[in-house]
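Below is one structure; the comments refer to it alone.
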Amino acid sequence: MHKDTLNFFCIAMMCLLSLCMLAVFIVPGAAKAEDAAEAMPVPFGTASSSSPYYAKPCNERLASLPEALMKMADGGYSWEYDYVADKPAYALTLMDYANIYSFIHTHELDESALRKVLEDADQMVHRKAFTPEEIDLLLGDDVAKAMAYFASPSTIVMGEKGYSEKWMYDHTIAQWEAEGITPEMVIAAAPYYYNPLFVQEAADAFSRKIYQYTSLVQPVKWHQWKAGDVKPDGTVEEGAPENGVMINVMEYCQYPDYPTGCESVSLFMLLKYYGLDVMVDQIYDLLPMGAQPYDDEQGVRHGANPEREFVGDPRSDYSYGVFNEPIAKVAEHFKQNVQTKTSASIDDIKAVLDTGNPVLAWYVSAPMRDIMYRWSWLDENGEMVHWPGGEHAVVVCGYDNDSLTYRDPNAGTTVVIDYDTFSKSFNELGGRIVYYTDQAGE
């Protein structure tokens, strides 16, 4: 989306009393507009029905099945991918999609063994154990009580049903009313509506629908994603912020050729900024690659260590990733003055940006979600690797008083994100960065 054509609607909503906003929303003579029949815009990307942040009514702790739990049931792994059979289009109850509650109630599991798994933080995907009271809810048959406790804050809960943000987006106001959803319920859930998969048009349309039903001026938080004004040479034309820096780094999408190659594609964007004639495949050819995780005859998983090499192959949909040291070594082949650092801070990133140099930073593909540690394995030295699900690499190219700006190879777009949100996952991943130390103007 061309940045100069960004719809002013969301800005008007932020102002709350803007006459422009009112002109867009107010339906004369009615507190609630008649139900609009037009189709809603397609959100960015194609979120699957299993995406906990997009479709499920339960919170993230429940939405992702830990491997230890799946191993307790015959066919547990296949069930994870077959759970949508004969289910409604979008989740209405906790039982509709793959999650811990529905898994427990779909399989006959030993209760004592089950409790041991659920109370072991190391075996949970977010490294957080369930309390005895929470385990009682998970093992019990009171779906309504479990829903009330484990539903995400953006879910409208009515007994055993939970209407997710995705359900609300895809259904009409008339269908909301038919389900008994009141404007007061929407008002309570709307502040939590956030989805990084929404683009501007989709967020605006959803905000309009919310306003029509509630008269609530509540923008859906679309702001994290915006497409840059891409010029023919692949660069993005942006003005420098009044209090900050903006470096003109190109946008580039890693798909479809490099589905797990965000680190190398980010290095590619970094190198192109310095005018180097390089192809992504040249980076891959120099990148050390190690074993994709596999189970031996005893059921023990082994694999490569991302501190030393890429785990798998970045051209594969099913591989993992690599950390900063191997990428820095590859970067040295193309250009001198490479630096890499762990435990870096946002101030460190800003200091590099102040010199006119962009920063390759290790981050996550879904910033508003907690990092999940579903998979672990032993490397060739017997060291345990706990893989941070959603690990990602981006090129930070700007900042202002409130936010950082980065080029995201996952979508070939530009992301503007507040400092607190960025810091959370950046720090958890070890504050990893790679950059060059050229002086501005060289």
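Residues in the structure tokens are named by chain (A, B, ... in the order shown) and by number from 1 within that chain; ligands are numbered from 1 in the order shown.
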Inset, instruction - Please identify which residues in range 209-427 of chain A DSSP calls alpha helix (DSSP H) from the backbone, and express them as a ChimeraX atom specification. - result: /A:209-214,262-273,280-286,324-334,346-354,419-427
Store the residues of this selection in a file with C-alpha atoms, as a short mmCIF file (atom, residue, chain, number, x, y, z; two decimals), in the first residue's frame.
data_model
loop_
_atom_site.label_atom_id
_atom_site.label_comp_id
_atom_site.auth_asym_id
_atom_site.auth_seq_id
_atom_site.Cartn_x
_atom_site.Cartn_y
_atom_site.Cartn_z
CA LYS A 209 -18.33 -1.94 11.76
CA ILE A 210 -17.55 -1.67 15.47
CA TYR A 211 -18.55 1.99 15.40
CA GLN A 212 -21.77 1.26 13.57
CA TYR A 213 -22.79 -1.21 16.25
CA THR A 214 -21.55 0.54 19.36
CA CYS A 262 14.87 -14.52 6.96
CA GLU A 263 18.38 -14.11 8.38
CA SER A 264 20.08 -14.40 5.00
CA VAL A 265 17.47 -12.25 3.26
CA SER A 266 17.97 -9.60 5.94
CA LEU A 267 21.71 -9.72 5.31
CA PHE A 268 20.93 -9.35 1.60
CA MET A 269 18.95 -6.15 2.31
CA LEU A 270 21.80 -4.90 4.48
CA LEU A 271 24.39 -5.53 1.74
CA LYS A 272 22.24 -3.92 -0.95
CA TYR A 273 22.08 -0.78 1.17
CA VAL A 280 20.57 -14.14 -1.95
CA ASP A 281 21.80 -17.49 -3.21
CA GLN A 282 25.40 -16.33 -2.80
CA ILE A 283 24.71 -15.79 0.90
CA TYR A 284 23.14 -19.23 1.23
CA ASP A 285 26.10 -20.85 -0.51
CA LEU A 286 28.38 -19.52 2.25
CA ASN A 324 24.05 -13.95 14.74
CA GLU A 325 27.59 -15.39 14.82
CA PRO A 326 27.27 -17.52 11.65
CA ILE A 327 25.54 -14.67 9.81
CA ALA A 328 28.30 -12.24 10.84
CA LYS A 329 30.93 -14.63 9.46
CA VAL A 330 29.08 -14.81 6.14
CA ALA A 331 28.79 -10.99 6.11
CA GLU A 332 32.58 -10.72 6.38
CA HIS A 333 32.92 -12.42 3.00
CA PHE A 334 31.14 -9.55 1.29
CA ILE A 346 17.61 -0.48 21.89
CA ASP A 347 20.03 2.32 22.73
CA ASP A 348 22.78 0.27 21.08
CA ILE A 349 20.64 -0.07 17.95
CA LYS A 350 19.87 3.66 17.90
CA ALA A 351 23.56 4.48 18.29
CA VAL A 352 24.39 2.42 15.19
CA LEU A 353 21.51 4.01 13.26
CA ASP A 354 22.89 7.44 14.22
CA TYR A 419 9.83 0.28 21.96
CA ASP A 420 8.19 -1.80 24.69
CA THR A 421 6.75 -4.33 22.23
CA PHE A 422 10.03 -4.63 20.36
CA SER A 423 12.13 -4.94 23.52
CA LYS A 424 10.19 -7.88 24.94
CA SER A 425 11.04 -10.46 22.29
CA PHE A 426 14.32 -8.85 21.21
CA ASN A 427 15.68 -9.20 24.75
#
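Taking CA of Tyr373 in chain A and CA of Glu428 in chain A as the two end points, the separation is 11.8 Å.
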Inset, instruction - From the DSSP assignment of the backbone, select every residue of range 236-353 of chain A that is strand (DSSP E or B), and format the answer as a ChimeraX atom specification. - result: /A:236,245-246,289-290,294-295,301-302,310-311,338-341
Kindly save the residues from that selection, with N, CA and C atoms included, as a compact mmCIF listing (two decimals), in the first residue's frame.
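So the final result, stored in out.txt, reads:
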# COMPACT_ATOMS: atom_id res chain seq x y z
N VAL A 236 12.87 2.41 -0.57
CA VAL A 236 11.62 2.95 -0.05
C VAL A 236 11.82 4.43 0.27
N VAL A 245 15.89 9.05 13.17
CA VAL A 245 16.66 8.69 11.98
C VAL A 245 15.80 7.80 11.09
N MET A 246 15.95 7.95 9.78
CA MET A 246 15.35 7.02 8.84
C MET A 246 16.36 6.73 7.74
N MET A 289 25.28 -25.09 7.14
CA MET A 289 23.99 -25.69 7.42
C MET A 289 24.18 -27.03 8.12
N GLY A 290 23.35 -27.28 9.14
CA GLY A 290 23.45 -28.51 9.91
C GLY A 290 22.16 -29.31 9.86
N TYR A 294 15.92 -34.59 14.17
CA TYR A 294 15.38 -35.93 13.88
C TYR A 294 15.44 -36.76 15.16
N ASP A 295 14.61 -37.78 15.24
CA ASP A 295 14.59 -38.68 16.38
C ASP A 295 15.40 -39.94 16.07
N ARG A 301 15.77 -36.72 20.29
CA ARG A 301 15.89 -35.82 19.15
C ARG A 301 17.27 -35.19 19.10
N HIS A 302 17.82 -35.12 17.89
CA HIS A 302 19.13 -34.52 17.64
C HIS A 302 18.99 -33.49 16.52
N PHE A 310 23.06 -23.01 10.38
CA PHE A 310 21.62 -22.99 10.14
C PHE A 310 21.04 -24.38 10.42
N VAL A 311 19.93 -24.41 11.11
CA VAL A 311 19.29 -25.69 11.44
C VAL A 311 18.37 -26.06 10.29
N VAL A 338 32.50 -5.64 9.89
CA VAL A 338 31.30 -6.28 10.45
C VAL A 338 31.43 -6.38 11.96
N GLN A 339 30.35 -6.10 12.63
CA GLN A 339 30.28 -6.26 14.08
C GLN A 339 29.06 -7.09 14.44
N THR A 340 29.18 -7.91 15.46
CA THR A 340 28.02 -8.61 15.99
C THR A 340 28.04 -8.51 17.51
N LYS A 341 26.87 -8.53 18.10
CA LYS A 341 26.78 -8.34 19.54
C LYS A 341 25.56 -9.10 20.07
Inset, instruction - Using only C-alpha atoms, find the one residue out of A:Lys71, A:Lys166, A:Arg208, A:Arg61 that sits nearest to Tyr193 in chain A. - result: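 Among the listed residues, the smallest separation from Tyr193 in chain A belongs to A:Lys166.
The coordinates place CA of Ala63 in chain A at 28.8 Å from CA of Ala174 in chain A.
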Inset, instruction - Quote the spacing between CA of Gln298 in chain A and CA of Gly75 in chain A in Å to one decimal place. - result: 18.4 Å
